[in-house]
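For reference, run-v2.csv (CSV, C-alpha atoms):
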chain,number,residue,atom,x,y,z
U,1,MET,CA,0.0,0.0,0.0
U,2,SER,CA,1.2,3.5,-0.7
U,3,ASP,CA,2.1,6.3,1.6
U,4,GLN,CA,-0.7,6.2,4.1
U,5,LYS,CA,0.1,9.6,5.6
U,6,VAL,CA,-1.1,11.3,2.5
U,7,LYS,CA,-4.8,11.9,2.4
U,8,LYS,CA,-6.0,13.6,-0.7
U,9,LYS,CA,-9.4,14.7,-1.8
U,10,PHE,CA,-10.6,12.5,-4.7
U,11,LEU,CA,-13.6,13.4,-6.7
U,12,TYR,CA,-15.2,11.0,-9.1
U,13,ILE,CA,-17.3,12.9,-11.6
U,14,ASN,CA,-20.2,10.9,-13.1
U,15,ARG,CA,-22.0,12.5,-16.0
U,16,LYS,CA,-23.2,9.6,-18.0
U,17,ALA,CA,-26.3,7.4,-17.7
U,18,PRO,CA,-25.8,3.8,-16.8
U,19,PHE,CA,-26.0,0.9,-19.3
U,20,GLY,CA,-25.7,2.8,-22.5
U,21,THR,CA,-22.0,2.9,-21.8
U,22,ILE,CA,-19.8,1.1,-19.3
U,23,TYR,CA,-18.5,4.2,-17.6
U,24,ALA,CA,-20.9,4.2,-14.7
U,25,LEU,CA,-20.1,0.6,-13.8
U,26,GLU,CA,-16.3,0.8,-14.3
U,27,SER,CA,-16.0,4.1,-12.4
U,28,LEU,CA,-17.8,2.4,-9.5
U,29,GLU,CA,-15.2,-0.4,-9.6
U,30,VAL,CA,-12.5,2.3,-9.2
U,31,VAL,CA,-14.4,3.7,-6.2
U,32,LEU,CA,-14.6,0.3,-4.5
U,33,ILE,CA,-10.9,-0.5,-5.0
U,34,GLY,CA,-10.0,3.1,-4.1
U,35,ALA,CA,-11.7,2.8,-0.8
U,36,ALA,CA,-8.8,0.7,0.6
U,37,PHE,CA,-6.5,3.7,0.2
U,38,GLU,CA,-8.4,5.7,2.8
U,39,GLN,CA,-8.5,8.9,0.9
U,40,ASP,CA,-11.2,11.6,1.2
U,41,VAL,CA,-13.6,10.4,-1.4
U,42,SER,CA,-16.6,12.2,-2.9
U,43,LEU,CA,-18.8,11.2,-5.9
U,44,ALA,CA,-20.4,13.9,-8.0
U,45,PHE,CA,-23.5,13.1,-10.1
U,46,ILE,CA,-24.0,15.8,-12.8
U,47,ASP,CA,-26.0,15.8,-16.0
U,48,ASP,CA,-27.0,12.2,-17.0
U,49,GLY,CA,-24.9,10.9,-14.2
U,50,VAL,CA,-27.9,11.4,-11.9
U,51,PHE,CA,-29.6,8.5,-13.7
U,52,GLN,CA,-27.0,6.2,-12.2
U,53,LEU,CA,-28.9,6.6,-8.9
U,54,MET,CA,-32.4,6.0,-10.2
U,55,ASN,CA,-34.5,3.6,-8.1
U,56,ASN,CA,-35.9,0.4,-9.5
U,57,GLN,CA,-33.2,-0.3,-12.1
U,58,ASP,CA,-33.6,-3.8,-13.6
U,59,ALA,CA,-31.4,-4.7,-16.5
U,60,ASN,CA,-32.5,-8.3,-16.6
U,61,ALA,CA,-34.5,-8.2,-19.8
U,62,ALA,CA,-31.7,-6.3,-21.4
U,63,GLY,CA,-29.4,-9.2,-20.5
U,64,MET,CA,-27.1,-7.0,-18.5
U,65,LYS,CA,-26.0,-7.0,-14.9
U,66,THR,CA,-28.1,-4.7,-12.6
U,67,PHE,CA,-25.2,-3.1,-10.7
U,68,SER,CA,-27.2,-0.4,-8.8
U,69,LYS,CA,-27.0,-2.3,-5.5
U,70,ILE,CA,-23.3,-1.5,-5.5
U,71,TYR,CA,-24.2,2.2,-4.8
U,72,ARG,CA,-26.1,1.0,-1.8
U,73,ALA,CA,-23.1,-0.8,-0.5
U,74,LEU,CA,-20.8,2.2,-0.8
U,75,GLY,CA,-21.4,3.1,2.9
U,76,ASP,CA,-19.7,-0.2,3.9
U,77,TYR,CA,-16.7,1.1,2.0
U,78,GLU,CA,-16.6,4.4,3.9
U,79,VAL,CA,-17.7,6.2,0.8
U,80,ARG,CA,-20.5,8.4,2.1
U,81,LYS,CA,-20.5,11.6,0.1
U,82,LEU,CA,-22.6,11.3,-3.1
U,83,TYR,CA,-23.3,14.8,-4.3
U,84,VAL,CA,-26.2,15.0,-6.7
U,85,GLU,CA,-26.7,18.3,-8.7
U,86,LYS,CA,-30.2,19.7,-8.3
U,87,GLU,CA,-30.2,21.4,-11.7
U,88,SER,CA,-29.4,18.1,-13.4
U,89,LEU,CA,-32.3,16.5,-11.7
U,90,ASP,CA,-34.7,19.4,-12.5
U,91,LEU,CA,-33.9,19.3,-16.2
U,92,ARG,CA,-34.7,15.6,-16.3
U,93,GLY,CA,-37.9,16.0,-14.3
U,94,LEU,CA,-36.5,14.1,-11.4
U,95,THR,CA,-36.6,14.7,-7.7
U,96,ILE,CA,-34.6,13.1,-4.9
U,97,ASP,CA,-37.5,10.8,-4.4
U,98,ASP,CA,-36.8,9.1,-7.7
U,99,LEU,CA,-33.4,8.1,-6.5
U,100,MET,CA,-32.6,5.0,-4.6
U,101,PRO,CA,-32.0,5.4,-0.9
U,102,VAL,CA,-28.2,5.2,-0.3
U,103,THR,CA,-27.2,5.4,3.4
U,104,PHE,CA,-24.3,4.8,5.7
U,105,GLU,CA,-24.0,4.0,9.4
U,106,ASP,CA,-22.4,6.8,11.4
U,107,GLU,CA,-20.2,5.1,13.9
U,108,ASP,CA,-19.9,8.5,15.7
U,109,ASP,CA,-23.6,8.7,16.2
U,110,ASP,CA,-24.4,5.2,17.6
U,111,TYR,CA,-24.4,3.8,14.0
U,112,ALA,CA,-27.4,5.8,13.1
U,113,GLU,CA,-28.4,5.4,9.5
U,114,LYS,CA,-27.9,8.6,7.5
U,115,PRO,CA,-28.3,9.5,3.9
U,116,SER,CA,-25.2,9.4,1.7
U,117,ILE,CA,-26.9,11.4,-1.1
U,118,ILE,CA,-26.4,15.1,-0.7
U,119,LEU,CA,-28.4,17.3,-2.9
U,120,VAL,CA,-26.5,20.4,-4.0
U,121,GLY,CA,-27.0,23.3,-6.3
U,122,ARG,CA,-24.7,24.1,-9.2
U,123,SER,CA,-22.7,26.7,-7.3
U,124,GLU,CA,-22.1,24.3,-4.4
U,125,MET,CA,-21.0,21.7,-6.9
U,126,THR,CA,-18.6,24.2,-8.4
U,127,GLY,CA,-17.2,24.9,-5.0
U,128,LEU,CA,-16.8,21.1,-4.4
U,129,ILE,CA,-14.8,20.6,-7.6
U,130,ALA,CA,-12.6,23.6,-6.7
U,131,SER,CA,-11.7,22.0,-3.3
U,132,GLN,CA,-10.4,18.7,-4.7
U,133,ASP,CA,-6.9,17.4,-5.2
U,134,VAL,CA,-7.6,14.7,-7.8
U,135,VAL,CA,-10.6,14.8,-10.2
U,136,LEU,CA,-11.3,11.5,-12.1
U,137,SER,CA,-13.7,11.6,-15.0
U,138,PHE,CA,-15.1,8.6,-16.8
R,1,MET,CA,-5.4,28.0,-6.7
R,2,SER,CA,-7.4,27.5,-9.9
R,3,THR,CA,-8.7,24.6,-11.9
R,4,LEU,CA,-7.8,23.8,-15.5
R,5,HIS,CA,-10.9,22.5,-17.2
R,6,THR,CA,-10.6,20.5,-20.4
R,7,VAL,CA,-13.4,20.1,-22.9
R,8,ASN,CA,-12.8,17.5,-25.7
R,9,LYS,CA,-16.2,17.1,-27.3
R,10,SER,CA,-18.0,19.3,-29.8
R,11,PRO,CA,-20.6,21.5,-28.1
R,12,TYR,CA,-22.9,20.7,-31.0
R,13,GLU,CA,-22.7,17.0,-30.2
R,14,ARG,CA,-22.6,17.0,-26.4
R,15,ASN,CA,-23.3,19.2,-23.4
R,16,SER,CA,-19.8,19.0,-22.0
R,17,LEU,CA,-18.9,22.6,-22.8
R,18,LYS,CA,-22.1,23.9,-21.3
R,19,SER,CA,-21.6,21.9,-18.2
R,20,CYS,CA,-18.0,23.1,-18.0
R,21,LEU,CA,-19.0,26.7,-18.3
R,22,ASP,CA,-21.7,26.2,-15.7
R,23,HIS,CA,-19.0,25.1,-13.1
R,24,LEU,CA,-16.3,27.8,-13.5
R,25,GLN,CA,-14.9,29.8,-10.7
R,26,SER,CA,-13.4,33.2,-11.4
R,27,GLY,CA,-9.7,32.6,-12.3
R,28,ASP,CA,-10.2,29.1,-13.7
R,29,ARG,CA,-8.9,28.3,-17.1
R,30,VAL,CA,-10.6,26.4,-19.9
R,31,LEU,CA,-8.7,24.5,-22.5
R,32,LEU,CA,-10.6,23.3,-25.6
R,33,ILE,CA,-9.0,20.2,-27.1
R,34,GLU,CA,-9.9,17.6,-29.8
R,35,ASP,CA,-13.4,18.2,-31.1
R,36,GLY,CA,-13.9,20.7,-28.3
R,37,VAL,CA,-12.0,23.3,-30.3
R,38,LEU,CA,-15.0,23.5,-32.7
R,39,ALA,CA,-16.6,25.7,-30.1
R,40,ALA,CA,-13.9,28.3,-30.6
R,41,ARG,CA,-14.8,29.0,-34.2
R,42,LYS,CA,-16.3,32.5,-34.5
R,43,GLY,CA,-19.8,32.8,-35.7
R,44,GLY,CA,-20.8,29.5,-34.0
R,45,ALA,CA,-23.6,29.2,-31.5
R,46,PHE,CA,-21.2,29.0,-28.6
R,47,ALA,CA,-19.2,32.1,-29.3
R,48,LYS,CA,-21.2,34.3,-27.0
R,49,ALA,CA,-21.1,31.8,-24.1
R,50,LEU,CA,-17.3,31.6,-24.5
R,51,GLN,CA,-17.0,35.4,-24.6
R,52,ASP,CA,-19.1,35.7,-21.5
R,53,ALA,CA,-17.0,33.1,-19.7
R,54,LYS,CA,-13.9,35.0,-20.8
R,55,SER,CA,-14.7,37.9,-18.5
R,56,THR,CA,-13.6,35.8,-15.5
R,57,CYS,CA,-11.7,32.9,-17.0
R,58,ALA,CA,-9.1,32.5,-19.7
R,59,ILE,CA,-10.1,30.3,-22.6
R,60,TYR,CA,-7.6,28.5,-24.7
R,61,ALA,CA,-7.8,26.1,-27.7
R,62,LEU,CA,-5.2,23.5,-28.6
R,63,GLY,CA,-3.5,24.7,-31.8
R,64,PRO,CA,-2.8,21.3,-33.3
R,65,ASP,CA,-6.5,20.4,-33.0
R,66,LEU,CA,-7.5,23.7,-34.6
R,67,SER,CA,-5.2,23.1,-37.6
R,68,ALA,CA,-6.4,19.5,-37.9
R,69,ARG,CA,-9.9,20.8,-38.3
R,70,GLY,CA,-9.1,23.7,-40.7
R,71,ILE,CA,-9.6,26.5,-38.1
R,72,GLY,CA,-7.1,29.3,-38.6
R,73,ALA,CA,-6.1,32.0,-36.2
R,74,SER,CA,-8.4,34.5,-37.9
R,75,ASP,CA,-11.3,32.1,-37.4
R,76,LEU,CA,-11.2,32.1,-33.7
R,77,VAL,CA,-13.6,33.8,-31.3
R,78,GLU,CA,-11.9,37.0,-30.2
R,79,GLY,CA,-9.7,36.6,-27.2
R,80,ILE,CA,-9.4,32.8,-27.4
R,81,GLU,CA,-5.7,31.9,-27.4
R,82,ALA,CA,-4.3,29.0,-29.5
R,83,VAL,CA,-1.8,27.0,-27.5
R,84,ASP,CA,0.4,24.0,-28.1
R,85,TYR,CA,1.0,20.8,-26.1
R,86,GLY,CA,3.8,22.4,-24.1
R,87,ASP,CA,1.4,25.2,-23.1
R,88,PHE,CA,-1.2,22.5,-22.2
R,89,VAL,CA,1.4,21.0,-19.8
R,90,ASN,CA,2.2,24.4,-18.3
R,91,LEU,CA,-1.5,25.1,-17.8
R,92,ALA,CA,-1.9,21.8,-16.0
R,93,ALA,CA,1.1,22.4,-13.9
R,94,ASP,CA,0.0,26.0,-13.0
R,95,ALA,CA,-3.5,24.8,-11.9
R,96,ALA,CA,-4.3,23.1,-8.6
R,97,ARG,CA,-6.2,20.3,-10.4
R,98,VAL,CA,-7.4,19.4,-13.9
R,99,CYS,CA,-11.0,18.6,-14.5
R,100,ALA,CA,-11.9,16.8,-17.7
R,101,TRP,CA,-15.4,17.4,-19.0
R,102,LEU,CA,-15.7,14.4,-21.3
B,1,MET,CA,6.0,18.4,-11.6
B,2,ARG,CA,4.9,14.8,-11.4
B,3,PHE,CA,2.0,13.8,-13.6
B,4,ALA,CA,-0.4,10.9,-13.5
B,5,ILE,CA,-2.3,10.3,-16.8
B,6,GLN,CA,-5.5,8.3,-17.3
B,7,VAL,CA,-6.4,7.1,-20.8
B,8,ASN,CA,-10.0,6.0,-21.1
B,9,GLU,CA,-10.2,5.1,-24.7
B,10,GLY,CA,-8.6,2.8,-27.2
B,11,PRO,CA,-6.4,3.8,-30.1
B,12,TYR,CA,-7.9,5.4,-33.3
B,13,THR,CA,-11.6,5.3,-32.5
B,14,HIS,CA,-11.2,8.3,-30.2
B,15,GLN,CA,-8.5,10.9,-30.1
B,16,ALA,CA,-7.9,10.4,-26.4
B,17,SER,CA,-4.9,8.2,-26.7
B,18,ASP,CA,-3.3,10.6,-29.2
B,19,THR,CA,-3.8,13.6,-27.0
B,20,ALA,CA,-2.6,11.8,-23.9
B,21,TYR,CA,0.5,10.7,-25.9
B,22,GLN,CA,1.3,14.2,-27.1
B,23,PHE,CA,0.7,15.6,-23.6
B,24,ALA,CA,3.0,13.0,-22.1
B,25,LYS,CA,5.7,13.7,-24.7
B,26,ALA,CA,5.5,17.4,-24.1
B,27,ALA,CA,5.6,17.0,-20.4
B,28,LEU,CA,8.7,14.9,-20.6
B,29,ALA,CA,10.3,17.3,-23.0
B,30,LYS,CA,9.9,20.0,-20.4
B,31,GLY,CA,11.6,17.9,-17.8
B,32,HIS,CA,8.5,16.8,-15.9
B,33,GLU,CA,8.1,13.3,-14.6
B,34,ILE,CA,5.2,11.0,-15.6
B,35,PHE,CA,4.5,8.8,-12.5
B,36,ARG,CA,2.3,6.5,-14.4
B,37,VAL,CA,0.0,6.2,-17.5
B,38,PHE,CA,-3.0,4.2,-16.5
B,39,PHE,CA,-5.2,2.7,-19.3
B,40,TYR,CA,-8.8,2.1,-18.3
B,41,HIS,CA,-12.1,1.2,-20.0
B,42,ASP,CA,-11.3,0.7,-23.7
B,43,GLY,CA,-7.9,2.4,-23.1
B,44,VAL,CA,-6.6,-1.1,-22.4
B,45,ASN,CA,-6.7,-1.7,-26.1
B,46,ASN,CA,-3.7,0.6,-26.5
B,47,GLY,CA,-1.7,-2.3,-25.0
B,48,THR,CA,-2.1,-5.0,-27.6
B,49,ARG,CA,0.9,-5.8,-29.8
B,50,TYR,CA,-1.3,-7.2,-32.6
B,51,THR,CA,-2.4,-4.0,-34.3
B,52,VAL,CA,-1.3,-3.4,-37.9
B,53,PRO,CA,-2.4,0.2,-38.6
B,54,PRO,CA,-1.9,1.5,-42.1
B,55,GLN,CA,1.7,2.3,-43.0
B,56,ASP,CA,1.0,6.0,-43.7
B,57,ASP,CA,-0.5,6.6,-40.3
B,58,ARG,CA,0.8,6.7,-36.8
B,59,ASN,CA,1.2,3.5,-34.9
B,60,LEU,CA,-0.1,4.4,-31.4
B,61,GLN,CA,1.0,1.2,-29.7
B,62,LYS,CA,4.5,1.6,-31.0
B,63,LEU,CA,4.6,5.3,-30.0
B,64,TRP,CA,3.6,4.4,-26.4
B,65,THR,CA,6.0,1.5,-26.3
B,66,GLU,CA,8.9,3.7,-27.6
B,67,LEU,CA,8.1,6.5,-25.2
B,68,ALA,CA,8.0,4.1,-22.4
B,69,GLU,CA,11.4,2.6,-23.4
B,70,THR,CA,13.0,6.0,-23.8
B,71,HIS,CA,11.8,7.5,-20.6
B,72,LYS,CA,11.2,4.4,-18.5
B,73,LEU,CA,7.5,5.1,-18.2
B,74,ASP,CA,5.2,2.9,-16.3
B,75,LEU,CA,2.3,2.0,-18.6
B,76,VAL,CA,-0.3,0.1,-16.7
B,77,VAL,CA,-3.3,-1.6,-18.2
B,78,CYS,CA,-6.1,-2.2,-15.7
B,79,ILE,CA,-6.6,-5.9,-15.1
B,80,ALA,CA,-10.4,-5.8,-14.7
B,81,ALA,CA,-10.9,-3.7,-17.9
B,82,ALA,CA,-8.3,-5.9,-19.7
B,83,GLN,CA,-10.1,-9.1,-18.7
B,84,ARG,CA,-13.4,-7.8,-20.1
B,85,ARG,CA,-11.7,-6.8,-23.4
B,86,GLY,CA,-9.2,-9.6,-23.9
B,87,ILE,CA,-5.9,-8.0,-23.2
B,88,LEU,CA,-3.6,-10.6,-21.6
B,89,ASP,CA,0.0,-11.0,-20.6
B,90,ALA,CA,1.5,-14.5,-20.3
B,91,ASN,CA,0.5,-14.9,-16.7
B,92,GLU,CA,-3.1,-13.9,-17.3
B,93,ALA,CA,-3.3,-16.2,-20.3
B,94,LYS,CA,-2.1,-19.1,-18.2
B,95,ARG,CA,-4.4,-18.2,-15.3
B,96,GLN,CA,-7.4,-17.8,-17.5
B,97,GLY,CA,-6.7,-20.8,-19.7
B,98,LYS,CA,-6.3,-18.8,-22.9
B,99,ASP,CA,-4.3,-20.0,-25.8
B,100,GLY,CA,-2.1,-16.9,-26.1
B,101,ASP,CA,-1.3,-13.4,-24.8
B,102,ASN,CA,-1.2,-10.1,-26.6
B,103,ILE,CA,0.2,-7.5,-24.3
B,104,ALA,CA,2.6,-5.0,-26.0
B,105,PRO,CA,6.1,-4.4,-24.8
B,106,GLY,CA,6.4,-1.7,-22.2
B,107,PHE,CA,2.8,-2.2,-20.9
B,108,ARG,CA,2.0,-4.2,-17.8
B,109,ILE,CA,-1.2,-5.4,-16.4
B,110,SER,CA,-2.1,-4.5,-12.9
B,111,GLY,CA,-5.0,-3.5,-10.5
B,112,LEU,CA,-7.1,-0.4,-10.2
B,113,GLY,CA,-5.2,0.4,-7.1
B,114,GLN,CA,-2.4,1.6,-9.4
B,115,LEU,CA,-4.6,4.4,-10.6
B,116,ILE,CA,-5.4,5.6,-7.1
B,117,GLU,CA,-1.8,5.3,-6.1
B,118,ALA,CA,-0.9,7.4,-9.1
B,119,GLY,CA,-3.4,10.0,-8.0
B,120,ILE,CA,-1.9,10.1,-4.5
B,121,GLN,CA,1.7,10.1,-5.6
B,122,ALA,CA,1.5,12.6,-8.5
B,123,ASP,CA,1.2,16.3,-8.3
B,124,ARG,CA,-1.4,16.5,-11.1
B,125,THR,CA,-3.7,13.9,-12.5
B,126,VAL,CA,-4.9,14.4,-16.1
B,127,VAL,CA,-7.7,12.3,-17.7
B,128,PHE,CA,-8.2,11.8,-21.4
B,129,GLY,CA,-11.4,10.1,-22.6
B,130,ASP,CA,-14.6,10.4,-24.4

Kindly return the structure encoded in the file as structure tokens.
Amino acid sequence: MSDQKVKKKFLYINRKAPFGTIYALESLEVVLIGAAFEQDVSLAFIDDGVFQLMNNQDANAAGMKTFSKIYRALGDYEVRKLYVEKESLDLRGLTIDDLMPVTFEDEDDDYAEKPSIILVGRSEMTGLIASQDVVLSF
Amino acid sequence: MSTLHTVNKSPYERNSLKSCLDHLQSGDRVLLIEDGVLAARKGGAFAKALQDAKSTCAIYALGPDLSARGIGASDLVEGIEAVDYGDFVNLAADAARVCAWL
Amino acid sequence: MRFAIQVNEGPYTHQASDTAYQFAKAALAKGHEIFRVFFYHDGVNNGTRYTVPPQDDRNLQKLWTELAETHKLDLVVCIAAAQRRGILDANEAKRQGKDGDNIAPGFRISGLGQLIEAGIQADRTVVFGD
């Protein structure tokens, strides 16, 4: 394992819908492996990326793997900051209620279950990007 | 320190340029590369958006990609600077981070 | 400055590999260090030695191989993405029971952790994709 003293802010930018291309799935695989490096990880869902978090995904009839449950497991990997851009939802006629519930257990609060999805406006998302050390796009 | 944003797709094909311009902070820099340089051609639908962004952020277009696509220096939206790969490297080094809008 | 480069697309279909190569070459010419070039998604297809591009056009695999040799670059092909797309080294071919391998010289197959490590160790991470 690399230099554990270094803790950088990693932002994974997701702007593509799932299934039409592999980027959503393969970027998630990076997040899972990356969790072992104990960096400060955030995921940003902008533009069509918000569709990655849609509830009730079922790719069975399409003959593909429904991988949406991996988002739900992110809390177990200490990945707890999933920023969803409100303007991207609005344009697509979506609200946070259309998204799957993604939660984590807060060990500092008696393991209370808390939402990992953080709804942000565009300017807040801009500020988030501007605070990162490493930005990975897929 | 600022962000270097790269946009590599044509704005007529994809919304990457728009998304990029929607997420700029004052002092950031935008580098158009590959098909992204098509936005820099004057008279196009995105000339105004680029000019508006220019008031707070510098906008560059990668020269080799402009030449490849037949866009000359006189075809560029005013104030957009053509740069080479060496400048691209400098821009990346000078920024705090690079954000690719694919 | 120490750079980490991520290449998300294969050769020719997208310009990503070309731009990444030109960037890497320019960075090295300026005396910068490239910590690693990590090939992900279809980017793994840059690492096959079996391409035969037309003679009058650039040979991207050879360009990457030569750049790696000249500057001792670490070109890493992601194992998960490679398995999906059929890029193998001799070890992988044996492990997976395949009748051959195709990895190009100068490239090595390794895990996704190499990308994260590159992001941690480098001063700047630059992504080229579609």

Q.
Within 12 Å of (-9.9, -9.1, -23.4) in the file's own coordinates, which protein, DNA or RNA residues have an atom, counting all atoms listed in the file? List them as a ChimeraX atom specification.
A. /B:41-48,77-89,92-93,96,98,100-103,109

Could you list, with a cut-off of 9 Å and counting only C-alpha atoms, the residues of chain B near chain R, each shown with its nearest atom pair and the distance in Å rounded to one decimal, rows sorted by chain and ascending number, as JSON lines?
{"residue": "B:Met1", "atom": "CA", "partner": "R:Ala93", "partner_atom": "CA", "distance": 6.7}
{"residue": "B:Arg2", "atom": "CA", "partner": "R:Ala93", "partner_atom": "CA", "distance": 8.9}
{"residue": "B:Phe3", "atom": "CA", "partner": "R:Ala93", "partner_atom": "CA", "distance": 8.7}
{"residue": "B:Gln15", "atom": "CA", "partner": "R:Glu34", "partner_atom": "CA", "distance": 6.9}
{"residue": "B:Ala16", "atom": "CA", "partner": "R:Glu34", "partner_atom": "CA", "distance": 8.2}
{"residue": "B:Thr19", "atom": "CA", "partner": "R:Glu34", "partner_atom": "CA", "distance": 7.8}
{"residue": "B:Gln22", "atom": "CA", "partner": "R:Tyr85", "partner_atom": "CA", "distance": 6.7}
{"residue": "B:Phe23", "atom": "CA", "partner": "R:Tyr85", "partner_atom": "CA", "distance": 5.8}
{"residue": "B:Ala24", "atom": "CA", "partner": "R:Val89", "partner_atom": "CA", "distance": 8.5}
{"residue": "B:Lys25", "atom": "CA", "partner": "R:Tyr85", "partner_atom": "CA", "distance": 8.6}
{"residue": "B:Ala26", "atom": "CA", "partner": "R:Gly86", "partner_atom": "CA", "distance": 5.3}
{"residue": "B:Ala27", "atom": "CA", "partner": "R:Val89", "partner_atom": "CA", "distance": 5.8}
{"residue": "B:Ala29", "atom": "CA", "partner": "R:Gly86", "partner_atom": "CA", "distance": 8.3}
{"residue": "B:Lys30", "atom": "CA", "partner": "R:Gly86", "partner_atom": "CA", "distance": 7.5}
{"residue": "B:Asp123", "atom": "CA", "partner": "R:Ala93", "partner_atom": "CA", "distance": 8.3}
{"residue": "B:Arg124", "atom": "CA", "partner": "R:Arg97", "partner_atom": "CA", "distance": 6.2}
{"residue": "B:Thr125", "atom": "CA", "partner": "R:Val98", "partner_atom": "CA", "distance": 6.8}
{"residue": "B:Val126", "atom": "CA", "partner": "R:Val98", "partner_atom": "CA", "distance": 6.0}
{"residue": "B:Val127", "atom": "CA", "partner": "R:Ala100", "partner_atom": "CA", "distance": 6.2}
{"residue": "B:Phe128", "atom": "CA", "partner": "R:Ala100", "partner_atom": "CA", "distance": 7.2}
{"residue": "B:Gly129", "atom": "CA", "partner": "R:Leu102", "partner_atom": "CA", "distance": 6.2}
{"residue": "B:Asp130", "atom": "CA", "partner": "R:Leu102", "partner_atom": "CA", "distance": 5.2}

Work out how far apart CA of Gln6 (chain B) and CA of Ala20 (chain B) are and give it in Å to one decimal.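 These atoms are spaced 8.0 Å apart.
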
#### Entry: Contact set, chain B to chain U: 7 Å, all atoms listed in the file, as a PyMOL selection string
chain B and resi 112-113+116-117+119-120+125+127

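A straight line drawn from CA of Ile117 (chain U) to CA of Phe104 (chain U) is 9.8 Å long.
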
Expressed in Å to a single decimal, how great is the separation between CA of Leu66 (chain R) and CA of Ala53 (chain R)?
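One can read the CA of Leu66 (chain R) to CA of Ala53 (chain R) distance as 20.0 Å.
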